[in-house]
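What follows is the content of target_32.cif, which has mmCIF, C-alpha atoms:
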data_data
loop_
_atom_site.label_atom_id
_atom_site.label_comp_id
_atom_site.auth_asym_id
_atom_site.auth_seq_id
_atom_site.Cartn_x
_atom_site.Cartn_y
_atom_site.Cartn_z
CA MET Y 1 -33.45 -32.30 17.51
CA PHE Y 2 -35.22 -33.70 14.46
CA ILE Y 3 -36.16 -36.90 12.68
CA GLU Y 4 -34.92 -37.46 9.13
CA ALA Y 5 -37.80 -39.00 7.16
CA SER Y 6 -35.93 -39.81 3.95
CA TYR Y 7 -34.41 -43.19 2.99
CA PRO Y 8 -34.03 -45.69 4.65
CA ARG Y 9 -37.05 -44.69 6.77
CA LEU Y 10 -40.43 -46.28 5.96
CA PRO Y 11 -44.03 -45.15 6.69
CA ASN Y 12 -44.93 -45.51 10.39
CA ASP Y 13 -41.31 -45.81 11.54
CA LYS Y 14 -41.03 -44.34 15.06
CA ALA Y 15 -38.38 -42.35 16.91
CA ILE Y 16 -38.68 -41.89 20.69
CA LEU Y 17 -36.87 -39.23 22.71
CA THR Y 18 -36.92 -39.82 26.48
CA LEU Y 19 -36.13 -37.05 28.95
CA PRO Y 20 -34.32 -37.81 32.23
CA HIS Y 21 -36.47 -38.90 35.20
CA ILE Y 22 -37.98 -36.15 37.34
CA TYR Y 23 -38.10 -37.21 40.99
CA LYS Y 24 -41.09 -35.01 41.81
CA THR Y 25 -43.22 -32.51 39.90
CA GLY Y 26 -44.90 -29.51 41.51
CA PRO Y 27 -48.45 -28.14 41.14
CA ARG Y 28 -49.17 -26.49 37.79
CA CYS Y 29 -45.97 -28.05 36.39
CA GLU Y 30 -45.67 -27.44 32.64
CA LEU Y 31 -43.20 -28.51 29.97
CA ARG Y 32 -43.07 -25.93 27.20
CA PHE Y 33 -41.41 -26.67 23.88
CA TRP Y 34 -41.23 -25.52 20.27
CA TYR Y 35 -41.97 -27.85 17.37
CA HIS Y 36 -41.77 -27.71 13.56
CA MET Y 37 -43.96 -29.89 11.31
CA MET Y 38 -43.92 -28.85 7.65
CA GLY Y 39 -44.17 -31.15 4.63
CA SER Y 40 -46.61 -33.28 2.67
CA GLY Y 41 -45.37 -36.44 4.39
CA ILE Y 42 -45.68 -35.31 8.02
CA GLY Y 43 -46.82 -38.10 10.34
CA SER Y 44 -47.41 -37.29 14.01
CA LEU Y 45 -45.71 -35.94 17.12
CA LYS Y 46 -46.83 -37.00 20.59
CA ALA Y 47 -45.62 -36.02 24.08
CA THR Y 48 -46.49 -38.26 27.03
CA ALA Y 49 -45.78 -38.03 30.78
CA LYS Y 50 -45.97 -41.17 32.97
CA ASP Y 51 -45.61 -41.58 36.72
CA HIS Y 52 -43.61 -44.28 38.54
CA SER Y 53 -46.35 -46.88 37.93
CA GLY Y 54 -46.40 -46.26 34.18
CA THR Y 55 -49.76 -44.45 34.30
CA VAL Y 56 -50.13 -41.66 31.75
CA ILE Y 57 -50.66 -38.40 33.67
CA ALA Y 58 -50.47 -35.98 30.71
CA SER Y 59 -50.35 -36.13 26.91
CA TRP Y 60 -50.18 -33.86 23.85
CA ARG Y 61 -50.39 -34.72 20.14
CA LYS Y 62 -50.31 -33.16 16.67
CA ASP Y 63 -50.93 -34.95 13.33
CA GLY Y 64 -50.08 -33.93 9.76
CA GLU Y 65 -48.57 -30.72 8.46
CA GLN Y 66 -48.91 -27.77 10.84
CA SER Y 67 -46.96 -24.73 9.66
CA ALA Y 68 -43.80 -23.47 8.00
CA GLN Y 69 -43.06 -21.67 11.29
CA TRP Y 70 -41.94 -22.91 14.70
CA LEU Y 71 -44.97 -23.40 16.99
CA GLN Y 72 -45.12 -23.69 20.78
CA GLY Y 73 -46.64 -26.64 22.57
CA GLY Y 74 -47.19 -27.46 26.22
CA LEU Y 75 -47.61 -30.47 28.47
CA TYR Y 76 -49.37 -29.80 31.80
CA MET Y 77 -48.63 -32.30 34.59
CA PRO Y 78 -50.24 -32.78 38.00
CA HIS Y 79 -48.19 -33.51 41.11
CA ALA Y 80 -46.54 -36.93 40.76
CA ASP Y 81 -43.43 -38.89 41.71
CA ASP Y 82 -40.70 -40.21 39.42
CA VAL Y 83 -42.08 -38.80 36.17
CA THR Y 84 -40.85 -39.86 32.74
CA ILE Y 85 -41.56 -37.73 29.65
CA MET Y 86 -41.29 -39.09 26.11
CA PHE Y 87 -41.62 -37.52 22.66
CA GLU Y 88 -42.70 -39.96 19.94
CA ALA Y 89 -42.40 -38.93 16.28
CA VAL Y 90 -43.94 -41.11 13.56
CA ARG Y 91 -42.84 -40.98 9.92
CA GLY Y 92 -45.62 -40.27 7.41
CA ASP Y 93 -46.21 -41.41 3.83
CA ASN Y 94 -43.16 -39.89 2.13
CA TYR Y 95 -39.74 -38.34 2.74
CA GLN Y 96 -41.14 -34.81 3.20
CA GLY Y 97 -41.93 -35.58 6.81
CA ASP Y 98 -39.09 -34.20 8.96
CA ILE Y 99 -40.23 -33.20 12.47
CA ALA Y 100 -38.14 -31.01 14.81
CA LEU Y 101 -38.07 -30.00 18.50
CA ASP Y 102 -36.24 -27.15 20.24
CA ASP Y 103 -36.09 -25.08 23.46
CA LEU Y 104 -37.60 -27.46 26.02
CA GLU Y 105 -38.40 -25.55 29.25
CA PHE Y 106 -39.96 -26.62 32.56
CA VAL Y 107 -42.15 -23.95 34.15
CA ASN Y 108 -43.60 -23.94 37.70
CA CYS Y 109 -42.11 -27.36 38.33
CA ASP Y 110 -40.43 -28.64 41.47
CA MET Y 111 -37.27 -30.08 39.93
CA SER Y 112 -36.28 -32.00 43.05
CA LEU Y 113 -34.16 -34.97 42.10
CA SER Y 114 -33.40 -38.32 43.66
CA PRO Y 115 -30.74 -37.66 46.37
CA VAL Y 116 -28.88 -40.97 46.12
CA CYS Y 117 -27.29 -42.49 43.02
CA SER Y 118 -26.34 -46.15 42.81
CA GLY Y 119 -22.90 -47.45 41.90
CA THR Y 120 -24.02 -47.92 38.29
CA GLU Y 121 -25.27 -44.33 37.90
CA PHE Y 122 -23.59 -41.02 37.04
CA ILE Y 123 -24.15 -38.16 39.51
CA CYS Y 124 -24.98 -34.94 37.68
CA GLU Y 125 -23.75 -31.72 39.28
CA SER Y 126 -27.37 -30.92 40.11
CA GLY Y 127 -27.70 -34.24 41.97
CA GLN Y 128 -29.69 -35.97 39.24
CA CYS Y 129 -28.89 -39.66 38.60
CA ILE Y 130 -28.56 -41.07 35.09
CA PRO Y 131 -27.26 -44.46 33.86
CA LEU Y 132 -23.47 -44.49 33.88
CA LYS Y 133 -23.24 -45.47 30.20
CA ALA Y 134 -25.32 -42.39 29.31
CA ALA Y 135 -22.56 -40.09 30.58
CA CYS Y 136 -19.90 -38.83 28.18
CA ASP Y 137 -21.70 -40.25 25.13
CA SER Y 138 -21.95 -36.89 23.29
CA VAL Y 139 -25.68 -36.65 24.17
CA PRO Y 140 -26.67 -34.48 27.19
CA ASP Y 141 -28.84 -36.47 29.64
CA CYS Y 142 -28.41 -34.33 32.77
CA PHE Y 143 -30.65 -31.26 32.83
CA ASP Y 144 -27.54 -29.21 33.52
CA HIS Y 145 -25.56 -31.03 30.78
CA SER Y 146 -22.83 -31.86 33.31
CA ASP Y 147 -22.66 -35.43 31.95
CA GLU Y 148 -21.02 -33.99 28.81
CA ASP Y 149 -18.86 -31.34 30.50
CA PRO Y 150 -15.28 -31.75 29.16
CA ALA Y 151 -14.03 -31.60 32.75
CA ASN Y 152 -16.02 -34.78 33.48
CA CYS Y 153 -15.16 -36.47 30.21
CA PRO Y 154 -11.39 -36.22 29.67
CA GLY Y 155 -9.78 -38.03 26.77
CA ASN Y 156 -12.98 -38.29 24.73
CA CYS Y 157 -12.52 -38.74 20.98
CA ASP Y 158 -14.98 -38.81 18.08
CA PHE Y 159 -12.18 -38.71 15.46
CA GLU Y 160 -13.84 -35.87 13.57
CA LEU Y 161 -10.73 -33.67 13.63
CA SER Y 162 -7.90 -36.00 14.65
CA ASN Y 163 -6.92 -39.14 16.57
CA CYS Y 164 -6.96 -37.10 19.83
CA ASN Y 165 -3.50 -38.32 20.85
CA TRP Y 166 -4.44 -41.98 20.42
CA ARG Y 167 -1.33 -43.46 18.79
CA ASP Y 168 -0.61 -46.45 16.59
CA GLN Y 169 1.48 -49.11 18.31
CA LEU Y 170 4.24 -50.34 16.00
CA GLN Y 171 5.65 -53.17 18.10
CA ASN Y 172 4.23 -56.65 17.42
CA THR Y 173 1.77 -55.28 14.85
CA GLN Y 174 1.65 -55.55 11.07
CA PHE Y 175 -0.54 -52.59 10.07
CA ASN Y 176 -2.33 -49.53 11.49
CA TRP Y 177 -5.78 -48.19 12.28
CA THR Y 178 -7.03 -45.66 9.71
CA ARG Y 179 -9.28 -42.59 10.05
CA HIS Y 180 -12.04 -42.83 7.46
CA GLN Y 181 -15.35 -41.36 6.28
CA GLY Y 182 -18.30 -43.15 4.68
CA TYR Y 183 -18.24 -46.72 3.39
CA SER Y 184 -15.10 -48.78 3.87
CA PRO Y 185 -13.47 -49.71 0.53
CA SER Y 186 -14.26 -53.45 0.84
CA TRP Y 187 -17.66 -54.85 -0.11
CA PHE Y 188 -20.03 -56.32 2.51
CA THR Y 189 -18.01 -55.23 5.53
CA GLY Y 190 -17.44 -52.12 7.61
CA PRO Y 191 -19.89 -49.31 8.46
CA ASP Y 192 -21.50 -47.01 5.91
CA SER Y 193 -21.32 -44.00 8.25
CA ASP Y 194 -19.73 -42.97 11.51
CA HIS Y 195 -21.53 -43.23 14.86
CA THR Y 196 -21.13 -39.60 15.95
CA THR Y 197 -23.03 -37.93 13.11
CA GLY Y 198 -24.64 -40.95 11.42
CA THR Y 199 -23.56 -39.52 8.06
CA GLN Y 200 -20.97 -40.32 5.41
CA THR Y 201 -19.13 -37.10 6.23
CA GLY Y 202 -18.51 -38.21 9.83
CA THR Y 203 -15.20 -39.84 10.75
CA TYR Y 204 -14.31 -43.06 12.54
CA ILE Y 205 -11.24 -45.31 12.70
CA TYR Y 206 -11.12 -48.85 11.33
CA ILE Y 207 -8.83 -51.67 10.24
CA GLU Y 208 -8.77 -52.42 6.51
CA THR Y 209 -8.45 -56.20 6.18
CA SER Y 210 -8.00 -56.57 2.43
CA VAL Y 211 -4.63 -57.05 0.64
CA PRO Y 212 -1.83 -56.79 1.73
CA GLN Y 213 -3.05 -57.81 5.23
CA GLN Y 214 -2.79 -61.52 6.09
CA PRO Y 215 -4.96 -63.61 8.47
CA GLY Y 216 -3.83 -63.00 12.02
CA ASP Y 217 -2.23 -59.61 11.28
CA LYS Y 218 -2.81 -57.11 14.08
CA ALA Y 219 -3.23 -53.33 14.38
CA ALA Y 220 -3.10 -51.59 17.77
CA ILE Y 221 -3.86 -48.05 18.93
CA LEU Y 222 -3.03 -46.69 22.40
CA SER Y 223 -4.81 -43.97 24.41
CA PRO Y 224 -3.23 -41.02 26.22
CA ARG Y 225 -2.59 -41.47 29.94
CA ILE Y 226 -5.72 -41.40 32.11
CA GLN Y 227 -5.62 -40.60 35.81
CA ARG Y 228 -8.07 -42.59 37.93
CA THR Y 229 -9.26 -40.80 41.08
CA SER Y 230 -12.69 -42.39 41.52
CA SER Y 231 -14.10 -45.91 41.62
CA ARG Y 232 -16.65 -44.68 39.04
CA CYS Y 233 -14.00 -43.88 36.43
CA PHE Y 234 -15.00 -45.71 33.24
CA MET Y 235 -14.51 -45.85 29.50
CA SER Y 236 -17.27 -46.42 26.94
CA PHE Y 237 -17.01 -46.80 23.17
CA TRP Y 238 -18.94 -47.79 20.05
CA TYR Y 239 -17.75 -50.57 17.77
CA HIS Y 240 -18.78 -52.03 14.41
CA MET Y 241 -17.98 -55.62 13.37
CA ALA Y 242 -19.90 -56.66 10.25
CA GLY Y 243 -18.67 -59.16 7.67
CA SER Y 244 -18.26 -62.86 7.06
CA HIS Y 245 -14.52 -62.83 7.93
CA ILE Y 246 -14.51 -60.94 11.23
CA GLY Y 247 -11.42 -61.57 13.34
CA SER Y 248 -11.37 -60.04 16.81
CA LEU Y 249 -11.36 -56.74 18.70
CA GLU Y 250 -9.60 -56.71 22.07
CA LEU Y 251 -9.30 -53.97 24.67
CA TYR Y 252 -6.35 -53.92 27.06
CA GLN Y 253 -5.68 -51.79 30.11
CA VAL Y 254 -1.99 -50.83 30.35
CA ASN Y 255 -0.59 -49.69 33.69
CA ARG Y 256 2.26 -47.23 34.20
CA TYR Y 257 4.79 -50.07 34.00
CA GLY Y 258 3.58 -51.21 30.57
CA ILE Y 259 1.87 -54.35 31.91
CA ARG Y 260 -1.20 -55.20 29.83
CA GLU Y 261 -4.47 -56.73 31.10
CA LYS Y 262 -7.25 -57.77 28.72
CA VAL Y 263 -10.54 -56.25 29.93
CA TRP Y 264 -12.89 -56.83 26.97
CA GLU Y 265 -13.03 -58.90 23.76
CA LYS Y 266 -15.41 -59.62 20.87
CA GLY Y 267 -14.94 -61.56 17.67
CA GLY Y 268 -15.17 -64.73 15.68
CA ARG Y 269 -18.41 -63.73 13.97
CA SER Y 270 -20.26 -60.78 12.50
CA MET Y 271 -22.06 -58.60 15.05
CA GLY Y 272 -24.54 -57.23 12.52
CA PRO Y 273 -24.83 -53.98 10.56
CA ASP Y 274 -25.30 -51.60 13.50
CA TRP Y 275 -22.93 -49.72 15.78
CA LEU Y 276 -22.87 -51.33 19.24
CA GLN Y 277 -21.85 -49.82 22.57
CA ALA Y 278 -19.60 -51.32 25.24
CA GLY Y 279 -17.91 -50.03 28.35
CA VAL Y 280 -15.45 -51.00 31.09
CA TYR Y 281 -14.52 -49.61 34.49
CA VAL Y 282 -10.97 -48.43 34.99
CA GLY Y 283 -9.06 -50.77 37.30
CA MET Y 284 -7.31 -49.89 40.53
CA ASN Y 285 -4.20 -48.49 38.83
CA GLN Y 286 -3.82 -44.75 39.31
CA PHE Y 287 -2.41 -44.06 35.83
CA VAL Y 288 -3.59 -46.16 32.90
CA ARG Y 289 -3.81 -46.29 29.15
CA PHE Y 290 -6.19 -48.28 26.98
CA GLU Y 291 -5.13 -50.21 23.89
CA PHE Y 292 -7.45 -51.47 21.16
CA VAL Y 293 -6.09 -54.41 19.15
CA GLY Y 294 -7.85 -55.40 15.93
CA THR Y 295 -6.98 -58.75 14.33
CA LYS Y 296 -7.72 -59.73 10.74
CA GLY Y 297 -9.84 -62.86 10.21
CA ASP Y 298 -9.74 -65.37 7.35
CA GLY Y 299 -10.67 -63.01 4.52
CA TYR Y 300 -11.14 -59.43 3.35
CA GLN Y 301 -14.70 -59.08 4.70
CA GLY Y 302 -13.44 -58.43 8.22
CA ASP Y 303 -13.18 -54.64 8.64
CA ILE Y 304 -13.60 -53.54 12.28
CA ALA Y 305 -14.36 -49.94 13.31
CA ILE Y 306 -14.53 -47.95 16.55
CA ASP Y 307 -15.89 -44.47 17.29
CA ASP Y 308 -16.84 -42.13 20.14
CA LEU Y 309 -14.33 -43.20 22.77
CA ASN Y 310 -15.51 -41.61 26.03
CA PHE Y 311 -14.07 -41.44 29.55
CA GLY Y 312 -16.38 -40.58 32.45
CA GLN Y 313 -15.72 -39.50 36.03
CA CYS Y 314 -11.96 -39.73 35.65
CA SER Y 315 -9.62 -36.87 36.43
CA PRO Y 316 -8.45 -34.72 33.49
CA TYR Y 317 -6.14 -36.88 31.45
CA LEU Y 318 -2.43 -36.25 31.47
CA ASP Y 319 -0.87 -35.20 28.22
CA ASP Y 320 1.00 -37.89 26.33
CA CYS Y 321 4.77 -37.94 26.49
CA ASP Y 322 6.25 -34.48 26.07
CA PRO Y 323 7.66 -34.55 22.50
CA VAL Y 324 10.45 -32.15 23.52
CA ASN Y 325 11.56 -33.40 26.92
CA GLU Y 326 10.43 -37.05 27.07
CA PHE Y 327 10.93 -40.32 25.19
CA LYS Y 328 7.95 -42.63 24.70
CA CYS Y 329 8.84 -46.28 25.31
CA TYR Y 330 7.18 -48.86 23.06
CA ASN Y 331 4.99 -49.95 25.98
CA GLY Y 332 3.66 -46.38 26.35
CA GLN Y 333 5.82 -45.47 29.35
CA CYS Y 334 7.34 -41.96 29.33
CA ILE Y 335 10.90 -41.32 30.47
CA SER Y 336 13.08 -38.22 30.49
CA GLY Y 337 14.71 -37.57 27.12
CA ASP Y 338 18.19 -37.40 28.65
CA LYS Y 339 17.88 -41.07 29.70
CA LEU Y 340 17.65 -42.26 26.08
CA CYS Y 341 20.71 -44.17 24.86
CA ASP Y 342 22.60 -43.65 28.15
CA LEU Y 343 23.56 -47.35 28.43
CA LYS Y 344 21.05 -47.84 31.27
CA GLN Y 345 17.63 -49.51 30.89
CA ASP Y 346 14.93 -47.03 31.94
CA CYS Y 347 11.99 -48.35 29.90
CA PHE Y 348 10.59 -51.59 31.30
CA ASP Y 349 10.70 -53.02 27.77
CA ALA Y 350 14.27 -51.71 27.25
CA SER Y 351 13.20 -49.80 24.14
CA ASP Y 352 15.21 -46.75 25.30
CA GLU Y 353 18.43 -48.67 24.63
CA ARG Y 354 17.28 -50.89 21.77
CA PHE Y 355 17.85 -48.68 18.75
CA CYS Y 356 20.53 -46.25 19.75
CA ASP Y 357 22.31 -46.56 16.42
CA ALA Y 358 20.37 -44.05 14.33
CA ASN Y 359 21.19 -45.95 11.12
CA CYS Y 360 18.14 -47.82 9.83
CA ASN Y 361 17.40 -50.00 6.80
CA PHE Y 362 13.95 -51.04 8.16
CA GLU Y 363 14.77 -54.75 7.80
CA GLU Y 364 14.13 -55.50 11.51
CA GLY Y 365 11.74 -52.70 12.37
CA LEU Y 366 11.52 -48.91 12.52
CA CYS Y 367 14.66 -48.43 14.66
CA GLY Y 368 12.95 -45.86 16.85
CA TRP Y 369 11.41 -43.88 13.98
CA HIS Y 370 7.67 -43.38 14.48
CA ASN Y 371 4.58 -41.87 12.87
CA LEU Y 372 3.19 -38.66 14.36
CA VAL Y 373 -0.45 -38.46 15.41
CA SER Y 374 -0.70 -34.81 14.32
CA ASP Y 375 -0.48 -35.68 10.61
CA VAL Y 376 -3.25 -36.94 8.32
CA PHE Y 377 -2.07 -40.49 7.61
CA ASP Y 378 0.94 -42.74 8.23
CA TRP Y 379 4.06 -44.12 6.62
CA THR Y 380 3.95 -47.92 6.18
CA ARG Y 381 6.76 -50.48 6.50
CA PHE Y 382 6.49 -52.70 3.42
CA LYS Y 383 8.30 -55.12 1.15
CA GLY Y 384 7.88 -55.96 -2.53
CA GLU Y 385 5.72 -54.08 -5.00
CA THR Y 386 3.21 -51.56 -3.63
CA ALA Y 387 -0.50 -52.20 -4.03
CA SER Y 388 -1.13 -49.28 -6.42
CA TYR Y 389 -0.45 -49.94 -10.12
CA GLY Y 390 2.06 -47.74 -11.90
CA THR Y 391 3.78 -46.18 -8.88
CA GLY Y 392 6.13 -47.01 -6.03
CA PRO Y 393 9.21 -49.26 -5.94
CA GLN Y 394 9.25 -52.97 -6.73
CA VAL Y 395 12.19 -53.77 -4.43
CA ASP Y 396 13.91 -52.09 -1.48
CA HIS Y 397 17.24 -50.30 -1.78
CA THR Y 398 19.13 -52.34 0.85
CA THR Y 399 18.80 -55.84 -0.63
CA LEU Y 400 17.38 -54.95 -4.05
CA THR Y 401 14.95 -57.88 -3.63
CA GLU Y 402 11.24 -58.27 -2.98
CA GLU Y 403 12.09 -59.54 0.53
CA GLY Y 404 13.72 -56.29 1.65
CA TYR Y 405 11.79 -53.67 3.60
CA TYR Y 406 11.35 -49.93 3.05
CA MET Y 407 8.96 -47.17 4.20
CA TYR Y 408 6.41 -45.63 1.85
CA ILE Y 409 3.18 -43.64 1.75
CA GLU Y 410 0.12 -45.20 0.08
CA THR Y 411 -1.63 -42.39 -1.81
CA SER Y 412 -4.66 -44.22 -3.18
CA TYR Y 413 -8.19 -43.87 -1.75
CA PRO Y 414 -9.06 -42.49 0.81
CA ARG Y 415 -6.10 -40.11 0.55
CA LYS Y 416 -6.79 -36.65 -0.89
CA LEU Y 417 -4.63 -33.96 -2.49
CA GLY Y 418 -2.58 -32.26 0.21
CA ASP Y 419 -2.78 -35.07 2.80
CA TYR Y 420 0.57 -35.49 4.55
CA ALA Y 421 2.35 -38.15 6.63
CA ILE Y 422 5.25 -37.43 9.03
CA LEU Y 423 7.89 -39.98 10.08
CA GLN Y 424 10.02 -38.78 13.03
CA SER Y 425 13.29 -40.12 14.42
CA HIS Y 426 14.07 -40.82 18.08
CA TRP Y 427 16.30 -38.49 20.07
CA LEU Y 428 19.78 -38.07 18.61
CA SER Y 429 22.92 -36.78 20.24
CA LEU Y 430 24.67 -34.53 17.72
CA THR Y 431 28.37 -34.61 18.40
CA GLY Y 432 29.77 -32.16 15.90
CA ASP Y 433 29.19 -29.74 13.06
CA ASN Y 434 29.79 -32.52 10.50
CA CYS Y 435 26.90 -34.76 11.60
CA VAL Y 436 25.09 -35.80 8.38
CA LEU Y 437 21.88 -37.69 7.63
CA SER Y 438 21.90 -39.49 4.27
CA PHE Y 439 19.02 -41.48 2.79
CA PHE Y 440 17.73 -43.02 -0.44
CA TYR Y 441 14.33 -42.08 -1.82
CA THR Y 442 12.13 -42.69 -4.84
CA TRP Y 443 8.98 -40.96 -6.05
CA ARG Y 444 9.07 -42.00 -9.67
CA VAL Y 445 6.07 -43.29 -11.59
CA ARG Y 446 6.58 -46.73 -13.13
CA THR Y 447 5.74 -47.08 -16.84
#
Let's see the structure in the file written out as structure tokens.
Amino acid sequence: MFIEASYPRLPNDKAILTLPHIYKTGPRCELRFWYHMMGSGIGSLKATAKDHSGTVIASWRKDGEQSAQWLQGGLYMPHADDVTIMFEAVRGDNYQGDIALDDLEFVNCDMSLSPVCSGTEFICESGQCIPLKAACDSVPDCFDHSDEDPANCPGNCDFELSNCNWRDQLQNTQFNWTRHQGYSPSWFTGPDSDHTTGTQTGTYIYIETSVPQQPGDKAAILSPRIQRTSSRCFMSFWYHMAGSHIGSLELYQVNRYGIREKVWEKGGRSMGPDWLQAGVYVGMNQFVRFEFVGTKGDGYQGDIAIDDLNFGQCSPYLDDCDPVNEFKCYNGQCISGDKLCDLKQDCFDASDERFCDANCNFEEGLCGWHNLVSDVFDWTRFKGETASYGTGPQVDHTTLTEEGYYMYIETSYPRKLGDYAILQSHWLSLTGDNCVLSFFYTWRVRT
């Protein structure tokens, strides 16, 4: 762990690291740790232990540059109840003031922990209690790190490598969520870094509310299936809503029958420049999904972002619909693939029988074609001239007008060389050796 003393940090800025509560300490209890303080701008590092009344029972401090090597420090504590230990690092006069900590170890301590956790606390495997929202947040708070064990945090996603099986919803939406790094393309809106790493190389997802999006347009993304086996099963997430044209961010819980229930909502105004955390408990349904819906406000300064989606104390999540043996209904329900286009309604929204003619001109929708989550970006249903100058069609092929729809890939920023998008059909029943797929395409550059 370290503090970064360069911009935007200022002299005397503080960073405080708090260790989990210790229910009791033993005689001759000592916290040993290694610290690194090298640089002309080093400020100070202080360790403090307080008992349940807030009285300081032990302290340690170093000021200014110490060494180019790691040094060991120690904090000796007498017997006390409910002890809290904090490290406070203070930034010095310039950017050469990074301070680091490593290898914290308790020696000769009675690590007895509070035996009972409240309904708003997470129970570590060791028996330690921590706030429920501190579990599955990518930061270990339990001494045994069980609050970040993948078995306790199924379905978590920081978007660094992929969308983690969260999928864009294409029904009743006009555009999609986008994985992104660094600043969003629009001025005075969106985050300048992700929440996970706090850097411009970290990844988050967001809705881009500039042209061609219109006020009221929606983008939705749906989670994999989560199995609820405990009343403590919850979901937490970080969101960013900065800009003068913020619309809304809604979170729905979707049961196994595709019925949606709104469980959280923010919007109508800017929430400031920082990432904010929120969380909800999973309802009484045994199998659920969560759906984030972002809505564009009155202008382009309305980008909304989410990051670090975490599930805690739920059972391991069930894989999304089997791409080989199952069909995914538009409401997220999974049915057996052999029930698709069998003239019987098996999806509660009837989507299994809606587009059984494989022919598609995209005028009314995607006809069962869908974007894959395993690719880098998505195909977009669009009409008229594309946003990028000098490329793409001006009209569709079906109507040869600006009112006709087609599918295309937008290759401008943030796309990079080699990025790919996959559009996949629904299940087809091939009835003979002469079955043929024909299509019209264009990849010309306009001059």
query: Contacts of Gln214 of chain Y at 10 Å or less, counting only C-alpha atoms, minus same-chain residues fewer than 5 places along, as a list in words?
result: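 In the requested form, the answer reads Gln174, Thr209, Thr295, Lys296, Gly297, Asp298, Gly299 and Tyr300 of chain Y.
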Residue contacts of segment 384-397 of chain Y (10 Å, all atoms listed in the file) excluding same-chain residues fewer than 5 positions away, as a list in words: Val211, Pro212, Asn361, Phe362, Glu363, Glu402, Glu403, Gly404, Tyr405, Tyr406, Met407, Tyr408, Ile409, Glu410, Thr411, Ser412, Phe440, Tyr441, Thr442, Trp443, Arg444, Val445, Arg446 and Thr447 of chain Y
message: Just to confirm, what's the straight-line distance from atom CA of His245 of chain Y to atom CA of Gln213 of chain Y in Å (one decimal)?
response: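 Straight-line distance from atom CA of His245 of chain Y to atom CA of Gln213 of chain Y works out to 12.8 Å.
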task: For atom CA of Asn94 of chain Y and atom CA of Lys14 of chain Y, determine how far apart the two atoms are, in Å to one decimal place.
output: 13.8 Å
message: Every residue with an atom at most 12 Å from (-0.8, -35.6, 0.6) (file coordinates; only C-alpha atoms) is what I'm after, so could you write them as a ChimeraX atom specification?
response: /Y:375-379,409-422
Taking the file as I've supplied it (selection: the PyMOL selection byres ((chain Y and resi 106) around 9)), which residues are included? Please answer as a short mmCIF file (atom, residue, chain, number, x, y, z; two decimals) with C-alpha atoms, keeping the file's coordinate frame.
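Saved to out04.cif:
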data_model
loop_
_atom_site.label_atom_id
_atom_site.label_comp_id
_atom_site.auth_asym_id
_atom_site.auth_seq_id
_atom_site.Cartn_x
_atom_site.Cartn_y
_atom_site.Cartn_z
CA CYS Y 29 -45.97 -28.05 36.39
CA GLU Y 30 -45.67 -27.44 32.64
CA LEU Y 31 -43.20 -28.51 29.97
CA ARG Y 32 -43.07 -25.93 27.20
CA PHE Y 33 -41.41 -26.67 23.88
CA LEU Y 104 -37.60 -27.46 26.02
CA GLU Y 105 -38.40 -25.55 29.25
CA VAL Y 107 -42.15 -23.95 34.15
CA ASN Y 108 -43.60 -23.94 37.70
CA CYS Y 109 -42.11 -27.36 38.33
CA MET Y 111 -37.27 -30.08 39.93
#
- request: Decode the PyMOL selection byres ((chain Y and resi 175) around 7) for the given file into explicit residues and return them as a ChimeraX atom specification.
  value: /Y:173-174,176,218-219
query: So, counting all atoms listed in the file, which residue among Y:Phe122, Y:Tyr35, Y:Tyr76, Y:Tyr183 is closest to Thr48 of chain Y?
result: Y:Tyr76
query: For the atom pair atom CA of Ser438 of chain Y and atom CA of Asn359 of chain Y, what is the interatomic distance in Å to one decimal place?
result: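 Taking atom CA of Ser438 of chain Y as the start and atom CA of Asn359 of chain Y as the end point, the length is 9.4 Å.
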- prompt: If we count only C-alpha atoms, what is near Leu161 of chain Y at a cut-off of 10 Å, once residues fewer than 4 positions away on the same chain are taken out, given as a PyMOL selection string?
  reply: chain Y and resi 157+179+202-203+376
I need the residues from that last selection saved to file as a compact mmCIF listing (two decimals), keeping the file's coordinate frame (with C-alpha atoms), if you can.
# COMPACT_ATOMS: atom_id res chain seq x y z
CA CYS Y 157 -12.52 -38.74 20.98
CA ARG Y 179 -9.28 -42.59 10.05
CA GLY Y 202 -18.51 -38.21 9.83
CA THR Y 203 -15.20 -39.84 10.75
CA VAL Y 376 -3.25 -36.94 8.32
task: Take the point (-14.3, -48.8, 29.6) in the file's coordinates, draw a sphere of radius 10 Å around it, and report as a ChimeraX atom specification every protein, DNA or RNA residue with an atom inside or on it, counting only C-alpha atoms.
output: /Y:133,233-237,251-253,263-264,278-283,290,309-312
Taking all listed atoms of segment 364-370 of chain Y, build the axis-aligned box, pad each of the six sides by 4 Å, then write its centre and edge lengths in Å to one decimal as AutoDock Vina command-line options.
--center_x 11.2 --center_y -49.4 --center_z 14.2 --size_x 15.0 --size_y 20.1 --size_z 13.3
query: Which is closest to Gly267 of chain Y among Y:Ser244, Y:Asn172, Y:Asn255, Y:Asn371, if we use only C-alpha atoms?
result: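 The closest residue to Gly267 of chain Y is Y:Ser244.
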query: So which residues get picked by the PyMOL selection byres ((chain Y and resi 96) around 6) here, written as a PyMOL selection string?
result: chain Y and resi 39-41+94-95+97
message: Ranking Y:Glu125, Y:Glu261, Y:Asp217, Y:Asp141 by minimum distance to Glu291 of chain Y and counting all atoms listed in the file, which one comes first?
response: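 Using all atoms listed in the file, the shortest distance to Glu291 of chain Y belongs to Y:Glu261.
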